[in-house]
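Source file: run.txt; contents: compact mmCIF, N, CA and C atoms.
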```
# COMPACT_ATOMS: atom_id res chain seq x y z
N MET A 1 3.68 -3.48 -24.46
CA MET A 1 2.66 -4.48 -24.21
C MET A 1 1.95 -4.15 -22.89
N THR A 2 0.66 -4.26 -22.88
CA THR A 2 -0.10 -4.00 -21.67
C THR A 2 -0.75 -5.29 -21.18
N VAL A 3 -0.91 -5.37 -19.88
CA VAL A 3 -1.57 -6.52 -19.27
C VAL A 3 -2.55 -6.02 -18.22
N ARG A 4 -3.57 -6.81 -17.93
CA ARG A 4 -4.55 -6.49 -16.88
C ARG A 4 -4.05 -7.11 -15.58
N GLU A 5 -3.99 -6.29 -14.53
CA GLU A 5 -3.58 -6.78 -13.23
C GLU A 5 -4.47 -6.16 -12.17
N LEU A 6 -4.19 -6.45 -10.92
CA LEU A 6 -4.98 -5.94 -9.81
C LEU A 6 -4.11 -5.04 -8.94
N ARG A 7 -4.66 -3.90 -8.55
CA ARG A 7 -3.97 -2.97 -7.65
C ARG A 7 -4.69 -2.99 -6.30
N ALA A 8 -3.92 -3.20 -5.25
CA ALA A 8 -4.43 -3.07 -3.89
C ALA A 8 -3.85 -1.79 -3.32
N THR A 9 -4.72 -0.88 -2.90
CA THR A 9 -4.28 0.34 -2.24
C THR A 9 -4.70 0.24 -0.79
N VAL A 10 -3.72 0.23 0.10
CA VAL A 10 -3.96 0.09 1.53
C VAL A 10 -3.86 1.49 2.14
N LEU A 11 -4.97 1.99 2.68
CA LEU A 11 -5.01 3.33 3.25
C LEU A 11 -4.99 3.22 4.77
N ILE A 12 -3.90 3.73 5.35
CA ILE A 12 -3.69 3.67 6.80
C ILE A 12 -3.16 5.02 7.27
N GLY A 13 -2.84 5.11 8.55
CA GLY A 13 -2.25 6.32 9.10
C GLY A 13 -0.76 6.14 9.32
N GLU A 14 -0.02 7.24 9.28
CA GLU A 14 1.43 7.15 9.44
C GLU A 14 1.84 6.66 10.83
N ASN A 15 0.98 6.81 11.81
CA ASN A 15 1.29 6.37 13.17
C ASN A 15 0.89 4.93 13.44
N ASP A 16 0.27 4.25 12.48
CA ASP A 16 -0.13 2.86 12.65
C ASP A 16 1.12 1.97 12.70
N THR A 17 1.14 1.05 13.66
CA THR A 17 2.30 0.19 13.82
C THR A 17 1.88 -1.28 13.92
N TRP A 18 2.86 -2.13 13.72
CA TRP A 18 2.73 -3.57 13.92
C TRP A 18 3.99 -4.01 14.67
N HIS A 19 3.83 -4.39 15.92
CA HIS A 19 4.95 -4.81 16.77
C HIS A 19 6.06 -3.76 16.77
N HIS A 20 5.71 -2.52 17.05
CA HIS A 20 6.63 -1.39 17.19
C HIS A 20 7.33 -1.01 15.88
N ARG A 21 6.80 -1.43 14.75
CA ARG A 21 7.36 -1.11 13.44
C ARG A 21 6.29 -0.40 12.65
N PRO A 22 6.65 0.58 11.82
CA PRO A 22 5.61 1.23 11.00
C PRO A 22 4.83 0.19 10.18
N LEU A 23 3.51 0.29 10.22
CA LEU A 23 2.67 -0.68 9.51
C LEU A 23 2.96 -0.68 8.02
N SER A 24 3.21 0.49 7.44
CA SER A 24 3.50 0.54 6.01
C SER A 24 4.74 -0.28 5.67
N SER A 25 5.76 -0.21 6.52
CA SER A 25 6.97 -0.99 6.31
C SER A 25 6.70 -2.48 6.45
N GLU A 26 5.89 -2.85 7.42
CA GLU A 26 5.53 -4.26 7.61
C GLU A 26 4.81 -4.81 6.38
N ILE A 27 3.90 -4.02 5.83
CA ILE A 27 3.16 -4.46 4.64
C ILE A 27 4.10 -4.64 3.46
N VAL A 28 5.01 -3.70 3.24
CA VAL A 28 5.97 -3.80 2.13
C VAL A 28 6.83 -5.04 2.29
N HIS A 29 7.33 -5.28 3.51
CA HIS A 29 8.20 -6.44 3.71
C HIS A 29 7.44 -7.75 3.55
N ARG A 30 6.18 -7.79 3.98
CA ARG A 30 5.36 -9.00 3.77
C ARG A 30 5.07 -9.21 2.28
N ALA A 31 4.82 -8.13 1.55
CA ALA A 31 4.57 -8.23 0.11
C ALA A 31 5.82 -8.75 -0.60
N HIS A 32 6.98 -8.25 -0.18
CA HIS A 32 8.25 -8.72 -0.75
C HIS A 32 8.46 -10.20 -0.47
N ALA A 33 8.24 -10.59 0.79
CA ALA A 33 8.41 -12.00 1.18
C ALA A 33 7.44 -12.91 0.44
N ALA A 34 6.26 -12.38 0.09
CA ALA A 34 5.26 -13.16 -0.64
C ALA A 34 5.58 -13.25 -2.14
N GLY A 35 6.61 -12.53 -2.56
CA GLY A 35 7.02 -12.59 -3.97
C GLY A 35 6.16 -11.75 -4.89
N LEU A 36 5.46 -10.76 -4.34
CA LEU A 36 4.65 -9.90 -5.20
C LEU A 36 5.54 -9.02 -6.08
N ALA A 37 4.98 -8.54 -7.17
CA ALA A 37 5.77 -7.80 -8.16
C ALA A 37 6.31 -6.49 -7.62
N GLY A 38 5.58 -5.82 -6.73
CA GLY A 38 6.08 -4.57 -6.20
C GLY A 38 5.12 -3.93 -5.23
N ALA A 39 5.66 -3.08 -4.38
CA ALA A 39 4.86 -2.32 -3.43
C ALA A 39 5.55 -0.98 -3.20
N SER A 40 4.77 0.08 -3.09
CA SER A 40 5.30 1.41 -2.85
C SER A 40 4.48 2.09 -1.77
N VAL A 41 5.13 2.96 -0.99
CA VAL A 41 4.46 3.70 0.07
C VAL A 41 4.43 5.18 -0.33
N PHE A 42 3.25 5.78 -0.21
CA PHE A 42 3.07 7.19 -0.52
C PHE A 42 2.51 7.89 0.71
N HIS A 43 3.17 8.97 1.11
CA HIS A 43 2.74 9.75 2.27
C HIS A 43 1.84 10.88 1.81
N GLY A 44 0.67 10.99 2.42
CA GLY A 44 -0.27 12.04 2.09
C GLY A 44 0.01 13.32 2.85
N VAL A 45 -0.53 14.42 2.36
CA VAL A 45 -0.35 15.71 3.02
C VAL A 45 -1.60 16.15 3.77
N GLU A 46 -2.72 15.48 3.48
CA GLU A 46 -3.95 15.82 4.17
C GLU A 46 -4.97 14.72 3.95
N GLY A 47 -5.82 14.49 4.94
CA GLY A 47 -6.86 13.48 4.79
C GLY A 47 -7.60 13.23 6.07
N PHE A 48 -8.68 12.44 5.97
CA PHE A 48 -9.42 11.99 7.14
C PHE A 48 -9.96 10.61 6.86
N GLY A 49 -10.28 9.92 7.93
CA GLY A 49 -10.79 8.56 7.78
C GLY A 49 -12.01 8.35 8.65
N ALA A 50 -12.14 7.14 9.16
CA ALA A 50 -13.33 6.77 9.93
C ALA A 50 -13.54 7.65 11.16
N GLY A 51 -12.45 8.18 11.74
CA GLY A 51 -12.56 9.03 12.91
C GLY A 51 -13.03 10.44 12.60
N SER A 52 -13.13 10.78 11.33
CA SER A 52 -13.60 12.08 10.85
C SER A 52 -12.74 13.27 11.27
N THR A 53 -11.55 13.04 11.79
CA THR A 53 -10.64 14.13 12.10
C THR A 53 -9.75 14.38 10.89
N VAL A 54 -9.70 15.63 10.43
CA VAL A 54 -8.85 15.98 9.29
C VAL A 54 -7.42 16.18 9.80
N HIS A 55 -6.50 15.46 9.20
CA HIS A 55 -5.08 15.59 9.52
C HIS A 55 -4.42 16.29 8.34
N THR A 56 -3.53 17.24 8.63
CA THR A 56 -2.92 18.02 7.56
C THR A 56 -1.46 18.31 7.87
N ALA A 57 -0.66 18.48 6.83
CA ALA A 57 0.75 18.83 6.97
C ALA A 57 0.95 20.33 6.76
N ARG A 58 -0.14 21.06 6.59
CA ARG A 58 -0.02 22.50 6.36
C ARG A 58 0.63 23.18 7.55
N LEU A 59 1.32 24.26 7.26
CA LEU A 59 1.98 25.06 8.28
C LEU A 59 0.99 25.48 9.36
N LEU A 60 1.43 25.55 10.58
CA LEU A 60 0.64 25.94 11.74
C LEU A 60 -0.42 24.92 12.14
N SER A 61 -0.33 23.73 11.58
CA SER A 61 -1.25 22.65 11.96
C SER A 61 -0.44 21.47 12.46
N LEU A 62 -1.03 20.69 13.33
CA LEU A 62 -0.35 19.48 13.76
C LEU A 62 -0.29 18.50 12.60
N SER A 63 0.89 17.96 12.37
CA SER A 63 1.05 17.04 11.24
C SER A 63 1.18 15.60 11.71
N GLU A 64 0.43 15.25 12.73
CA GLU A 64 0.45 13.87 13.21
C GLU A 64 -0.70 13.09 12.60
N GLY A 65 -0.46 11.83 12.36
CA GLY A 65 -1.52 10.96 11.85
C GLY A 65 -1.86 11.19 10.39
N LEU A 66 -0.88 11.66 9.61
CA LEU A 66 -1.14 11.89 8.18
C LEU A 66 -1.44 10.57 7.48
N PRO A 67 -2.17 10.65 6.36
CA PRO A 67 -2.51 9.42 5.64
C PRO A 67 -1.31 8.82 4.91
N VAL A 68 -1.33 7.50 4.80
CA VAL A 68 -0.31 6.76 4.07
C VAL A 68 -1.04 5.78 3.16
N ALA A 69 -0.57 5.66 1.93
CA ALA A 69 -1.12 4.68 1.00
C ALA A 69 0.00 3.71 0.60
N VAL A 70 -0.25 2.43 0.78
CA VAL A 70 0.66 1.40 0.30
C VAL A 70 0.00 0.81 -0.94
N VAL A 71 0.70 0.89 -2.08
CA VAL A 71 0.14 0.42 -3.34
C VAL A 71 0.89 -0.83 -3.80
N ILE A 72 0.11 -1.87 -4.07
CA ILE A 72 0.66 -3.16 -4.51
C ILE A 72 -0.01 -3.50 -5.84
N VAL A 73 0.79 -3.87 -6.84
CA VAL A 73 0.23 -4.26 -8.14
C VAL A 73 0.84 -5.60 -8.55
N ASP A 74 -0.02 -6.53 -8.93
CA ASP A 74 0.44 -7.84 -9.40
C ASP A 74 -0.75 -8.53 -10.07
N GLU A 75 -0.55 -9.77 -10.46
CA GLU A 75 -1.64 -10.56 -11.03
C GLU A 75 -2.76 -10.67 -9.99
N ALA A 76 -3.99 -10.66 -10.45
CA ALA A 76 -5.15 -10.66 -9.56
C ALA A 76 -5.10 -11.79 -8.54
N GLU A 77 -4.76 -13.00 -8.97
CA GLU A 77 -4.75 -14.14 -8.05
C GLU A 77 -3.71 -13.94 -6.95
N ARG A 78 -2.56 -13.36 -7.30
CA ARG A 78 -1.49 -13.17 -6.33
C ARG A 78 -1.86 -12.09 -5.31
N VAL A 79 -2.51 -11.03 -5.78
CA VAL A 79 -2.93 -9.96 -4.86
C VAL A 79 -4.01 -10.50 -3.93
N ARG A 80 -4.97 -11.21 -4.48
CA ARG A 80 -6.06 -11.76 -3.64
C ARG A 80 -5.51 -12.76 -2.62
N ALA A 81 -4.50 -13.52 -3.00
CA ALA A 81 -3.88 -14.48 -2.08
C ALA A 81 -3.15 -13.76 -0.95
N PHE A 82 -2.77 -12.50 -1.16
CA PHE A 82 -2.06 -11.72 -0.16
C PHE A 82 -3.01 -11.06 0.85
N LEU A 83 -4.29 -10.98 0.55
CA LEU A 83 -5.25 -10.31 1.42
C LEU A 83 -5.26 -10.83 2.86
N PRO A 84 -5.13 -12.14 3.11
CA PRO A 84 -5.06 -12.60 4.51
C PRO A 84 -3.88 -12.01 5.28
N GLU A 85 -2.78 -11.72 4.59
CA GLU A 85 -1.64 -11.06 5.25
C GLU A 85 -2.04 -9.66 5.72
N LEU A 86 -2.81 -8.97 4.90
CA LEU A 86 -3.28 -7.64 5.28
C LEU A 86 -4.26 -7.74 6.44
N ASP A 87 -5.16 -8.71 6.37
CA ASP A 87 -6.13 -8.92 7.46
C ASP A 87 -5.42 -9.13 8.79
N ALA A 88 -4.26 -9.77 8.76
CA ALA A 88 -3.54 -10.10 9.98
C ALA A 88 -2.89 -8.89 10.65
N VAL A 89 -2.62 -7.83 9.88
CA VAL A 89 -1.86 -6.70 10.46
C VAL A 89 -2.63 -5.39 10.53
N ILE A 90 -3.70 -5.25 9.78
CA ILE A 90 -4.42 -3.97 9.75
C ILE A 90 -5.50 -3.97 10.82
N GLY A 91 -5.35 -3.10 11.80
CA GLY A 91 -6.36 -2.95 12.83
C GLY A 91 -7.43 -1.96 12.39
N SER A 92 -6.99 -0.88 11.76
CA SER A 92 -7.89 0.15 11.28
C SER A 92 -7.33 0.66 9.96
N GLY A 93 -8.15 0.66 8.95
CA GLY A 93 -7.70 1.10 7.64
C GLY A 93 -8.67 0.66 6.57
N LEU A 94 -8.26 0.80 5.35
CA LEU A 94 -9.11 0.49 4.21
C LEU A 94 -8.24 -0.10 3.11
N VAL A 95 -8.74 -1.15 2.46
CA VAL A 95 -8.05 -1.72 1.31
C VAL A 95 -8.98 -1.60 0.11
N VAL A 96 -8.49 -0.97 -0.94
CA VAL A 96 -9.25 -0.79 -2.16
C VAL A 96 -8.61 -1.63 -3.26
N LEU A 97 -9.43 -2.45 -3.92
CA LEU A 97 -8.94 -3.28 -5.03
C LEU A 97 -9.53 -2.76 -6.33
N ASP A 98 -8.67 -2.60 -7.33
CA ASP A 98 -9.20 -2.23 -8.64
C ASP A 98 -8.32 -2.81 -9.74
N GLU A 99 -9.00 -3.17 -10.85
CA GLU A 99 -8.29 -3.69 -12.00
C GLU A 99 -7.58 -2.53 -12.67
N VAL A 100 -6.35 -2.78 -13.10
CA VAL A 100 -5.57 -1.75 -13.78
C VAL A 100 -4.94 -2.33 -15.03
N GLU A 101 -4.67 -1.46 -15.98
CA GLU A 101 -3.94 -1.82 -17.18
C GLU A 101 -2.49 -1.41 -16.95
N VAL A 102 -1.57 -2.37 -17.02
CA VAL A 102 -0.17 -2.13 -16.69
C VAL A 102 0.66 -2.11 -17.97
N VAL A 103 1.48 -1.07 -18.08
CA VAL A 103 2.45 -0.95 -19.17
C VAL A 103 3.82 -0.99 -18.52
N ARG A 104 4.64 -1.96 -18.86
CA ARG A 104 5.97 -2.08 -18.26
C ARG A 104 7.01 -1.50 -19.19
N TYR A 105 7.97 -0.78 -18.59
CA TYR A 105 9.09 -0.21 -19.33
C TYR A 105 10.39 -0.79 -18.79
N GLY A 106 11.42 -0.76 -19.57
CA GLY A 106 12.73 -1.22 -19.12
C GLY A 106 12.96 -2.67 -19.44
N LEU A 107 14.16 -3.11 -19.09
CA LEU A 107 14.58 -4.48 -19.41
C LEU A 107 14.24 -5.47 -18.32
N GLY A 108 14.01 -4.97 -17.09
CA GLY A 108 13.80 -5.87 -15.94
C GLY A 108 12.46 -6.56 -15.99
N GLY A 109 12.42 -7.71 -15.37
CA GLY A 109 11.18 -8.46 -15.23
C GLY A 109 10.73 -8.44 -13.79
N ARG A 110 9.89 -9.37 -13.43
CA ARG A 110 9.36 -9.46 -12.07
C ARG A 110 10.51 -9.53 -11.06
N GLY A 111 10.33 -8.75 -9.99
CA GLY A 111 11.28 -8.82 -8.90
C GLY A 111 12.50 -7.94 -9.04
N GLU A 112 12.69 -7.29 -10.18
CA GLU A 112 13.84 -6.42 -10.35
C GLU A 112 13.45 -4.99 -10.09
N ASP A 113 14.37 -4.20 -9.56
CA ASP A 113 14.10 -2.80 -9.30
C ASP A 113 13.87 -2.05 -10.60
N GLY A 114 13.14 -0.97 -10.50
CA GLY A 114 12.94 -0.16 -11.68
C GLY A 114 11.49 0.17 -11.93
N GLY A 115 10.62 -0.10 -11.00
CA GLY A 115 9.26 0.29 -11.26
C GLY A 115 8.36 -0.19 -10.29
```
Take the structure in the file and give it back as C-alpha cells.
Amino acid sequence: MTVRELRATVLIGENDTWHHRPLSSEIVHRAHAAGLAGASVFHGVEGFGAGSTVHTARLLSLSEGLPVAVVIVDEAERVRAFLPELDAVIGSGLVVLDEVEVVRYGLGGRGEDGG
C-alpha cells in the first residue's frame, strides 16, 4: 500500500552546532520528541552552499564542513507543524519540502524501528 506524505530535507554543514551539539543530532532528537515517523542523517562527500566554497572528502583535500542532509518523512500536516522547530535551530542552511509516495515494508507501524 502506498500513501502520499511530505519529505523535509534539511541541508546543513557537518560543523553546524546547536548549544555545542551537532545540529543534525539536535534535529533528529527534536523530530523524535515531536513524534514524527522518522528522521535519518546522511553525510555527503562533496558539496557547496551559500558561501560558494566547495567542500570535499577526496584524498589530499581538507574534509571539513562537508554537507549533511537530515531527511524527515511523515504526514504533510505533521512535517509542516515541525517547521518552527527547524526555524529555531538552523542559522544557515536550506530546507526542501517535497511530496513523496511512501511504500512501507515490514510489520512495524509508526514509531517502530525498521525504516
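Candidate residues A:Arg30, A:Leu86, A:Ala81, A:Val73 were compared for distance to Val103 in chain A, and the nearest is A:Val73, using only C-alpha atoms.
For Leu97 in chain A, the non-local neighbours within 12 Å, defined as residues at least 2 positions apart in the same chain or in other chains and counting only C-alpha atoms, are A:Glu5, A:Leu6, A:Arg7, A:Ala8, A:Thr9, A:Val10, A:Leu11, A:Val70, A:Val71, A:Ile72, A:Val73, A:Asp74, A:Glu75, A:Ala76, A:Val79, A:Arg80, A:Phe82, A:Leu83, A:Leu94, A:Val95, A:Glu99, A:Val100.
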Once you have the residues from the selection above, write them out as a compact mmCIF listing (two decimals), keeping the file's coordinate frame, restricted to N, CA and C atoms.
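So again34.txt came out as:
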```
# COMPACT_ATOMS: atom_id res chain seq x y z
N GLU A 5 -3.99 -6.29 -14.53
CA GLU A 5 -3.58 -6.78 -13.23
C GLU A 5 -4.47 -6.16 -12.17
N LEU A 6 -4.19 -6.45 -10.92
CA LEU A 6 -4.98 -5.94 -9.81
C LEU A 6 -4.11 -5.04 -8.94
N ARG A 7 -4.66 -3.90 -8.55
CA ARG A 7 -3.97 -2.97 -7.65
C ARG A 7 -4.69 -2.99 -6.30
N ALA A 8 -3.92 -3.20 -5.25
CA ALA A 8 -4.43 -3.07 -3.89
C ALA A 8 -3.85 -1.79 -3.32
N THR A 9 -4.72 -0.88 -2.90
CA THR A 9 -4.28 0.34 -2.24
C THR A 9 -4.70 0.24 -0.79
N VAL A 10 -3.72 0.23 0.10
CA VAL A 10 -3.96 0.09 1.53
C VAL A 10 -3.86 1.49 2.14
N LEU A 11 -4.97 1.99 2.68
CA LEU A 11 -5.01 3.33 3.25
C LEU A 11 -4.99 3.22 4.77
N VAL A 70 -0.25 2.43 0.78
CA VAL A 70 0.66 1.40 0.30
C VAL A 70 0.00 0.81 -0.94
N VAL A 71 0.70 0.89 -2.08
CA VAL A 71 0.14 0.42 -3.34
C VAL A 71 0.89 -0.83 -3.80
N ILE A 72 0.11 -1.87 -4.07
CA ILE A 72 0.66 -3.16 -4.51
C ILE A 72 -0.01 -3.50 -5.84
N VAL A 73 0.79 -3.87 -6.84
CA VAL A 73 0.23 -4.26 -8.14
C VAL A 73 0.84 -5.60 -8.55
N ASP A 74 -0.02 -6.53 -8.93
CA ASP A 74 0.44 -7.84 -9.40
C ASP A 74 -0.75 -8.53 -10.07
N GLU A 75 -0.55 -9.77 -10.46
CA GLU A 75 -1.64 -10.56 -11.03
C GLU A 75 -2.76 -10.67 -9.99
N ALA A 76 -3.99 -10.66 -10.45
CA ALA A 76 -5.15 -10.66 -9.56
C ALA A 76 -5.10 -11.79 -8.54
N VAL A 79 -2.51 -11.03 -5.78
CA VAL A 79 -2.93 -9.96 -4.86
C VAL A 79 -4.01 -10.50 -3.93
N ARG A 80 -4.97 -11.21 -4.48
CA ARG A 80 -6.06 -11.76 -3.64
C ARG A 80 -5.51 -12.76 -2.62
N PHE A 82 -2.77 -12.50 -1.16
CA PHE A 82 -2.06 -11.72 -0.16
C PHE A 82 -3.01 -11.06 0.85
N LEU A 83 -4.29 -10.98 0.55
CA LEU A 83 -5.25 -10.31 1.42
C LEU A 83 -5.26 -10.83 2.86
N LEU A 94 -8.26 0.80 5.35
CA LEU A 94 -9.11 0.49 4.21
C LEU A 94 -8.24 -0.10 3.11
N VAL A 95 -8.74 -1.15 2.46
CA VAL A 95 -8.05 -1.72 1.31
C VAL A 95 -8.98 -1.60 0.11
N GLU A 99 -9.00 -3.17 -10.85
CA GLU A 99 -8.29 -3.69 -12.00
C GLU A 99 -7.58 -2.53 -12.67
N VAL A 100 -6.35 -2.78 -13.10
CA VAL A 100 -5.57 -1.75 -13.78
C VAL A 100 -4.94 -2.33 -15.03
```
Item to check | Distance of atom N of Leu36 in chain A from atom N of Arg21 in chain A, expressed in Å to one decimal place | outcome: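 Atom N of Arg21 in chain A sits 21.3 Å away from atom N of Leu36 in chain A.
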Item to check | Gap from CA of Asp87 in chain A to CA of Pro22 in chain A - Å, one decimal | outcome: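 Taking CA of Asp87 in chain A as the start and CA of Pro22 in chain A as the end point, the length is 15.9 Å.
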Item to check | Atomic separation - atom C of Ser25 in chain A relative to atom N of Asp98 in chain A, Å | outcome: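 Between these atoms lies a distance of 20.6 Å.
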Next on the checklist: Residues of chain A classed as helix (DSSP H, G or I) by DSSP on the backbone are to be reported as a list of chain:residue names.
Outcome noted: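 Across chain A, those assigned helix (DSSP H, G or I) are A:Leu23, A:Ser24, A:Ser25, A:Glu26, A:Ile27, A:Val28, A:His29, A:Arg30, A:Ala31, A:His32, A:Ala33, A:Ala76, A:Glu77, A:Arg78, A:Val79, A:Arg80, A:Ala81, A:Phe82, A:Leu83, A:Pro84, A:Glu85, A:Leu86, A:Asp87, A:Ala88, A:Val89.
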Item to check | Residue list as a ChimeraX atom specification for point (-1.6, 8.8, 2.6), cut-off 6.5 Å, only N, CA and C atoms | outcome: /A:11-12,42-45,66-69
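Distances here use only C-alpha atoms; by that measure, the residue among A:Leu23, A:Ala31, A:Ala37, A:Val54 closest to Val102 in chain A is A:Ala37.
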